[in-house]
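Chemist: Please read through the structure below; I'll follow up with questions.
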Amino acid sequence: MDNKNINGMPGGKSPRGRRPFAFSMSWFYIILIFGIIWMFFNHGGANPQKIEWDDVKAQIEAGDVKEIVFVRNDFEGRVTIKPDRLEKYAGLFGGAVPKKSPHFIFLVSGSFNPEETFGALNESLPEDSRFKVIIENDNKVWSSVLEWLLFPMLLIAMWIFMFRGMNRGAGGTGPGNIFNVGKSTGKLAEKENIKVTFKDVAGLYGAKDEVMEIVDFLKNPKKYTALGGKIPKGALLVGPPGTGKTLLAKAVAGEANVPFFSISGSDFVEMFVGVGASRVRDLFRQAKEKAPCIVFIDEIDAVGRARGKNVGFSSNDERENTLNQLLTEMDGFDSNSGVIILAATNRADILDKALLRAGRFDRQIHVDLPDLNERMEIFKVHIKGLKLSPDFDVEFLAKHTPGFSGADIANVCNEAALTAARHNKAEIDRQDFLDAVDRIIGGLERKNTIITPSEKRSIAFHEAGHATVSWLLPYANPLFKVTIVPRGQSLGAAWYLPEERKLVTREQMMDEMCSLIGGRVAEEIVNGQPSTGALNDLERLTKQAYAMVTYYGMSDKVGTLSFYDSTGSRGYELSKPYSEKTAELIDSEVKALIAKIHDRTMKILTDNREGFEKLASLLLEKEVIFSDDLEKIFGPRANTDAVMPQEDRKHE
């Protein structure tokens with residue numbers, strides 16, 4: 001027998017085009033608003049003028065009154081003037097003759113006897129001048145309803161509306177149900193709905209190896225428990241923004257084929273006391289019912305900040321109560337067997353130590369920026385839907401995007417497609433990708449910026465100084481191109497392809513610092529004085545110099561000391577970790593180091609002034625030059641001995 005509903009359609013579906021009527025709170029608001037409008041606009045429709053009884057008496061004696069309605073319980077009289085006599089009272093109505101009655105109202109005291117008074121007046125008037133008298137009691141039904149029910153109904157409507165909005169933010173299961181405010185807002189993705197696997201995650205070799213083991217724990221738990229081991233309770237994904245931490249967590253759920261709860265750390269924090277802790281309890285209750293499963297908490301630093309560092313809050317802060325409940329649920333007396341917690345953050349240094357200990361987050365998986373091979377794989381993922389030119393080279397792009405995250409690479413591919421469409425191209429070529437990289441790093445090209453010829457000449461020599469020094473120093477970052485076309489906030493730029501080093505020596509840092517100050521020194525040589533254009537260069541130079549002295553122990557006088565604070569706790573201390581005498585020594589060492597860098601850069605540019613000026617002239621002519629142009633002027637990049645004698649390097 002077929003299963004049919006009352007509409008006669010199989011499967012409980014209504015006929016196409018017909019939907020059952022459902023009453024909602026919106027209908028209540030509409031009816032309430034129209035009721036109020038009807039009560040206000042249907043009340044008589046007239047605009048009577050208030051006058052005294054003596055004036056009404058004069059109107060009656062003049063024979064102008066057609067009818068008087070007297071409301072006994074209000075002691076109020078409502079006067080209607082004869083239509084042919086209204087013109088004489090037009091001045092009282094602002095010059096316009098009223099069309100609706102009553103025209104006048106008057107109030108009397110409780111001793112007023114309407115029957116006797118109106119009867120006596122009618123007797124004294126001629127037959128054709130007499131008026132009609134109606135005496136009644138006003139029940140005030142609508143006025144009473146409006147007075148007693150309107151305000152409470154408005155309060156109830158506002159109360160329901162407020163808690164419905166709050167309940168949406170709290171993930172309530174029923175509309176208007178305020179008791180769901182403490183329910184978890186975590187989104188459950190069932191295992192059959194998760195389509196992301198490790199094949200969709202490009203790069204991240206080390207991180208994928210670690211999370212693959214978590215997948216194996218969920219698929220084959222007996223393999224590990226048979227030997228007496230315990231399944232890890234949680235893993236923390238740590239890395240810069242845009243590196244794919246959330247995508248990796250989804251891939252874990254897809255590979256493990258288990259339910260996946262996802263929630264943001266900020267969803268636990270609420271203005272109401274106890275709501276955050278209640279949501280944590282409800283989340284883990286649901287997770288236990290679905291075990292084995294994965295709970296993913298994105299941006300856990302919103303709730304997991306170290307206790308005692310919440311400046312301006314007391315020890316009973318709602319955030320700390322929520323964190324305490326989270327700590328208890330992750331490793332308390334209750335067992336969470338089969339529930340694995342994954343969390344992501346790019347601020348692991350501010351997390352509470354109790355949250356990071358073994359037994360809660362047993363592992364910290366570092367998701368770093370992709371290297372060359374990983375960037376190639378990420379590019380291949382994002383260019384699948386793009387129409388590329390036949391000679392497109394993925395390896396070339398991967399080499400020219402060092403330091404780019406997965407999100408940056410996705411943005412580059414999208415910008416390249418938009419750039420090609422902007423130029424009405426049928427295919428996306430290499431230049432479109434290079435323009436996209438320039439736009440993302442340097443900003444939008446400002447073609448209408450007004451620059452005087454002297455300023456343009458100064459910018460050209462500034463950028464030529466950077467390019468010359470970086471080309472002649474072997475440990476400086478390799479130059480890719482130089483431009484004097486304004487982009488974003490900069491008037492010119494030199495693009496480098498830095499080597500992906502894990503360790504940097506003192507010699508390499510010195511060469512990079514010389515390259516930084518090359519533009520400033522070039523201005524001093526050509527113009528005889530510096531300009532404000534080297535602000536960013538000097539800022540980076542100063543920070544690097546102080547890092548060499550105070551962090552890396554690269555100063556003979558200060559010694560092999562480091563005042564670096566990896567925990568971040570020193571930010572709350574008002575005093576420095578060294579004495580005033582040491583501070584003066586640090587300042588003097590930094591000044592001496594920068595002076596040495598300046599003199600060395602000055603010597604390099606002075607010795608190669610002819611090529612340096614030729615490069616600036618070429619830059620003024622073309623506005624954009626590449627490494628091939630520098631090689632024609634200076635030849636191949638120099639070796640170490642060609643720039644500085646080996647003896648001098650030993651003394652640095």
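To be explicit about the labels: the chains of the structure tokens are called A, B, and onward in the order shown, and within each one the residues are counted from 1, while ligands get numbers from 1 in the order they are shown.
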Tell me which protein, DNA and RNA residues are within 10 Å of region 244-248 of chain A, counting only C-alpha atoms, leaving out same-chain ones fewer than 3 positions away, and put them as number ranges by chain.
Modeler: A: 196-198, 200-204, 207-208, 211, 236-241, 251-254, 262, 296-299, 342-346, 365-369, 405-407
Chemist: Would you list the contacts of Ser490 (chain A) as a tab-separated table (two decimals) with C-alpha atoms, in the first residue's frame, taking every protein, DNA or RNA residue within 10 Å and counting only C-alpha atoms, but skipping same-chain residues closer than 6 positions in sequence?
Modeler:
```tsv
chain	number	residue	atom	x	y	z
A	442	GLY	CA	52.72	46.00	-4.07
A	443	GLY	CA	49.12	47.04	-4.48
A	445	GLU	CA	49.22	50.43	-9.97
A	446	ARG	CA	48.63	54.20	-9.65
A	484	ILE	CA	59.57	53.13	-10.64
A	533	GLY	CA	61.66	57.94	0.66
A	536	ASN	CA	60.53	51.76	5.31
```
Chemist: What is the CA of Leu418 (chain A)-CA of Phe396 (chain A) distance in Å, reported with one decimal?
Modeler: 20.1 Å
Chemist: Could you jot down the CA of Ala235 (chain A) to CA of Lys222 (chain A) separation for me, Å, one decimal place?
Modeler: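 Interatomic distance, CA of Ala235 (chain A) to CA of Lys222 (chain A): 20.0 Å.
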Chemist: Can you list, as a VMD selection string, every protein, DNA or RNA residue that comes within 10 Å of region 66-81 of chain A when you count only C-alpha atoms, leaving out same-chain residues fewer than 3 positions away?
Modeler: chain A and resid 48 to 51 53 56 59 to 60 63 84 to 86 89 100 to 115 118 129 to 139
Chemist: List the spatial neighbours of region 372-383 of chain A as an mmCIF file with N, CA and C atoms, in the first residue's frame - criterion: any atom at most 12 Å away, only C-alpha atoms, same-chain residues fewer than 3 positions off excluded.
Modeler:
```cif
data_model
loop_
_atom_site.group_PDB
_atom_site.id
_atom_site.type_symbol
_atom_site.label_atom_id
_atom_site.label_comp_id
_atom_site.auth_asym_id
_atom_site.auth_seq_id
_atom_site.Cartn_x
_atom_site.Cartn_y
_atom_site.Cartn_z
ATOM 1 N N LYS A 199 43.638 13.954 -1.016
ATOM 2 C CA LYS A 199 43.955 14.256 -2.413
ATOM 3 C C LYS A 199 43.648 15.710 -2.755
ATOM 4 N N ASP A 200 42.713 16.305 -2.008
ATOM 5 C CA ASP A 200 42.342 17.700 -2.258
ATOM 6 C C ASP A 200 43.255 18.680 -1.533
ATOM 7 N N VAL A 201 44.167 18.181 -0.724
ATOM 8 C CA VAL A 201 45.091 19.035 0.035
ATOM 9 C C VAL A 201 46.468 18.917 -0.596
ATOM 10 N N ALA A 202 46.890 19.967 -1.277
ATOM 11 C CA ALA A 202 48.204 19.950 -1.925
ATOM 12 C C ALA A 202 49.275 20.399 -0.945
ATOM 13 N N GLY A 203 50.472 19.823 -1.083
ATOM 14 C CA GLY A 203 51.572 20.194 -0.194
ATOM 15 C C GLY A 203 51.348 19.658 1.211
ATOM 16 N N LEU A 204 51.880 20.382 2.193
ATOM 17 C CA LEU A 204 51.728 20.044 3.619
ATOM 18 C C LEU A 204 52.176 18.611 3.904
ATOM 19 N N TYR A 205 53.356 18.271 3.393
ATOM 20 C CA TYR A 205 53.821 16.889 3.514
ATOM 21 C C TYR A 205 53.947 16.445 4.971
ATOM 22 N N GLY A 206 54.683 17.188 5.770
ATOM 23 C CA GLY A 206 54.893 16.770 7.153
ATOM 24 C C GLY A 206 53.613 16.757 7.953
ATOM 25 N N THR A 243 47.439 28.841 5.552
ATOM 26 C CA THR A 243 48.276 27.689 5.185
ATOM 27 C C THR A 243 47.483 26.390 5.038
ATOM 28 N N GLY A 244 46.183 26.401 5.333
ATOM 29 C CA GLY A 244 45.360 25.218 5.099
ATOM 30 C C GLY A 244 45.058 24.403 6.334
ATOM 31 N N ASP A 368 53.383 24.860 8.177
ATOM 32 C CA ASP A 368 54.204 26.003 7.774
ATOM 33 C C ASP A 368 53.848 26.472 6.369
ATOM 34 N N LEU A 369 54.458 27.592 5.992
ATOM 35 C CA LEU A 369 54.299 28.094 4.628
ATOM 36 C C LEU A 369 54.891 27.089 3.645
ATOM 37 N N LEU A 386 41.137 27.025 -14.977
ATOM 38 C CA LEU A 386 41.545 28.212 -15.726
ATOM 39 C C LEU A 386 41.952 27.854 -17.151
ATOM 40 N N LYS A 387 41.704 28.777 -18.075
ATOM 41 C CA LYS A 387 42.121 28.602 -19.473
ATOM 42 C C LYS A 387 43.513 29.197 -19.639
ATOM 43 N N LEU A 388 44.521 28.334 -19.678
ATOM 44 C CA LEU A 388 45.911 28.772 -19.695
ATOM 45 C C LEU A 388 46.493 28.679 -21.097
ATOM 46 N N SER A 389 47.519 29.473 -21.343
ATOM 47 C CA SER A 389 48.229 29.418 -22.620
ATOM 48 C C SER A 389 49.052 28.130 -22.692
ATOM 49 N N PHE A 392 52.450 27.695 -20.684
ATOM 50 C CA PHE A 392 52.412 28.064 -19.261
ATOM 51 C C PHE A 392 53.339 27.162 -18.452
ATOM 52 N N ASP A 393 54.121 27.777 -17.537
ATOM 53 C CA ASP A 393 55.117 27.057 -16.741
ATOM 54 C C ASP A 393 54.793 27.224 -15.259
ATOM 55 N N VAL A 394 54.337 26.138 -14.623
ATOM 56 C CA VAL A 394 53.977 26.189 -13.208
ATOM 57 C C VAL A 394 55.212 26.371 -12.339
ATOM 58 N N GLU A 395 56.301 25.729 -12.691
ATOM 59 C CA GLU A 395 57.525 25.820 -11.893
ATOM 60 C C GLU A 395 58.041 27.265 -11.837
ATOM 61 N N PHE A 396 57.912 27.986 -12.948
ATOM 62 C CA PHE A 396 58.342 29.388 -12.979
ATOM 63 C C PHE A 396 57.558 30.207 -11.951
ATOM 64 N N LEU A 397 56.253 29.996 -11.885
ATOM 65 C CA LEU A 397 55.433 30.747 -10.927
ATOM 66 C C LEU A 397 55.759 30.357 -9.492
ATOM 67 N N ALA A 398 55.979 29.075 -9.256
ATOM 68 C CA ALA A 398 56.301 28.626 -7.905
ATOM 69 C C ALA A 398 57.604 29.253 -7.422
ATOM 70 N N LYS A 399 58.569 29.413 -8.320
ATOM 71 C CA LYS A 399 59.842 30.036 -7.950
ATOM 72 C C LYS A 399 59.676 31.529 -7.665
ATOM 73 N N HIS A 400 58.692 32.167 -8.282
ATOM 74 C CA HIS A 400 58.513 33.609 -8.143
ATOM 75 C C HIS A 400 57.477 33.979 -7.081
ATOM 76 N N THR A 401 57.082 33.018 -6.266
ATOM 77 C CA THR A 401 56.142 33.319 -5.177
ATOM 78 C C THR A 401 56.647 32.764 -3.851
ATOM 79 N N PRO A 402 57.888 33.074 -3.449
ATOM 80 C CA PRO A 402 58.373 32.579 -2.148
ATOM 81 C C PRO A 402 57.626 33.262 -1.007
ATOM 82 N N GLY A 403 57.337 32.495 0.037
ATOM 83 C CA GLY A 403 56.639 33.055 1.188
ATOM 84 C C GLY A 403 55.141 33.148 1.020
ATOM 85 N N PHE A 404 54.589 32.685 -0.112
ATOM 86 C CA PHE A 404 53.147 32.738 -0.334
ATOM 87 C C PHE A 404 52.481 31.543 0.342
ATOM 88 N N SER A 405 51.352 31.780 0.992
ATOM 89 C CA SER A 405 50.572 30.697 1.583
ATOM 90 C C SER A 405 49.622 30.125 0.540
ATOM 91 N N GLY A 406 48.907 29.066 0.902
ATOM 92 C CA GLY A 406 47.936 28.485 -0.026
ATOM 93 C C GLY A 406 46.841 29.471 -0.390
ATOM 94 N N ALA A 407 46.390 30.268 0.584
ATOM 95 C CA ALA A 407 45.367 31.275 0.301
ATOM 96 C C ALA A 407 45.901 32.354 -0.636
ATOM 97 N N ASP A 408 47.172 32.729 -0.473
ATOM 98 C CA ASP A 408 47.779 33.724 -1.375
ATOM 99 C C ASP A 408 47.849 33.189 -2.809
ATOM 100 N N ILE A 409 48.205 31.923 -2.948
ATOM 101 C CA ILE A 409 48.309 31.329 -4.285
ATOM 102 C C ILE A 409 46.930 31.269 -4.949
ATOM 103 N N ALA A 410 45.911 30.927 -4.182
ATOM 104 C CA ALA A 410 44.546 30.936 -4.732
ATOM 105 C C ALA A 410 44.162 32.335 -5.186
ATOM 106 N N ASN A 411 44.568 33.336 -4.418
ATOM 107 C CA ASN A 411 44.286 34.723 -4.785
ATOM 108 C C ASN A 411 45.039 35.129 -6.054
ATOM 109 N N VAL A 412 46.294 34.661 -6.193
ATOM 110 C CA VAL A 412 47.081 34.960 -7.396
ATOM 111 C C VAL A 412 46.395 34.386 -8.638
ATOM 112 N N CYS A 413 45.939 33.148 -8.560
ATOM 113 C CA CYS A 413 45.272 32.527 -9.712
ATOM 114 C C CYS A 413 44.000 33.276 -10.087
ATOM 115 N N ASN A 414 43.240 33.691 -9.091
ATOM 116 C CA ASN A 414 42.010 34.432 -9.378
ATOM 117 C C ASN A 414 42.317 35.806 -9.978
ATOM 118 N N GLU A 415 43.303 36.496 -9.417
ATOM 119 C CA GLU A 415 43.673 37.818 -9.932
ATOM 120 C C GLU A 415 44.221 37.722 -11.362
ATOM 121 N N ALA A 416 44.949 36.646 -11.647
ATOM 122 C CA ALA A 416 45.473 36.462 -13.007
ATOM 123 C C ALA A 416 44.331 36.306 -14.005
ATOM 124 N N ALA A 417 43.293 35.552 -13.629
ATOM 125 C CA ALA A 417 42.135 35.389 -14.512
ATOM 126 C C ALA A 417 41.421 36.721 -14.723
ATOM 127 N N ILE A 428 45.022 32.825 -20.359
ATOM 128 C CA ILE A 428 45.818 33.443 -19.297
ATOM 129 C C ILE A 428 47.275 33.060 -19.513
ATOM 130 N N ASP A 429 48.143 34.040 -19.647
ATOM 131 C CA ASP A 429 49.554 33.748 -19.887
ATOM 132 C C ASP A 429 50.401 34.101 -18.664
ATOM 133 N N PHE A 433 49.928 36.344 -14.655
ATOM 134 C CA PHE A 433 50.251 35.873 -13.310
ATOM 135 C C PHE A 433 51.265 36.799 -12.635
ATOM 136 N N LEU A 497 63.802 37.623 -5.156
ATOM 137 C CA LEU A 497 63.433 36.222 -4.997
ATOM 138 C C LEU A 497 64.304 35.624 -3.899
ATOM 139 N N PRO A 498 63.930 35.814 -2.642
ATOM 140 C CA PRO A 498 64.794 35.373 -1.547
ATOM 141 C C PRO A 498 64.955 33.858 -1.522
ATOM 142 N N GLU A 499 66.147 33.444 -1.159
ATOM 143 C CA GLU A 499 66.405 32.011 -1.012
ATOM 144 C C GLU A 499 65.684 31.504 0.233
ATOM 145 N N GLU A 500 65.138 30.312 0.126
ATOM 146 C CA GLU A 500 64.358 29.751 1.225
ATOM 147 C C GLU A 500 65.308 29.078 2.212
ATOM 148 N N ARG A 501 65.937 29.904 3.038
ATOM 149 C CA ARG A 501 66.903 29.400 4.019
ATOM 150 C C ARG A 501 66.208 29.105 5.350
#
```
Chemist: Could you pull out the residues in region 444-594 of chain A that DSSP calls helix (DSSP H, G or I) from the backbone, as a VMD selection string?
Modeler: chain A and resid 453 to 472 506 to 527 532 to 550 569 to 572 580 to 594
Chemist: May I ask which of the residues A:Glu507, A:Glu512, A:Asp435, A:Asp391 is the closest one to Ser470 (chain A), counting only C-alpha atoms?
Modeler: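 For Ser470 (chain A), the nearest of the candidates is A:Glu512.
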Chemist: Region 487-632 of chain A: which residues are strand (DSSP E or B) by DSSP, as a list in words?
Modeler: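 Reading the DSSP output for region 487-632 of chain A, strand (DSSP E or B) covers Arg487, Ser490, Ala493, Ala494, Trp495, Tyr496, Ser555, Gly559, Val624, Ile625 and Phe626 of chain A.
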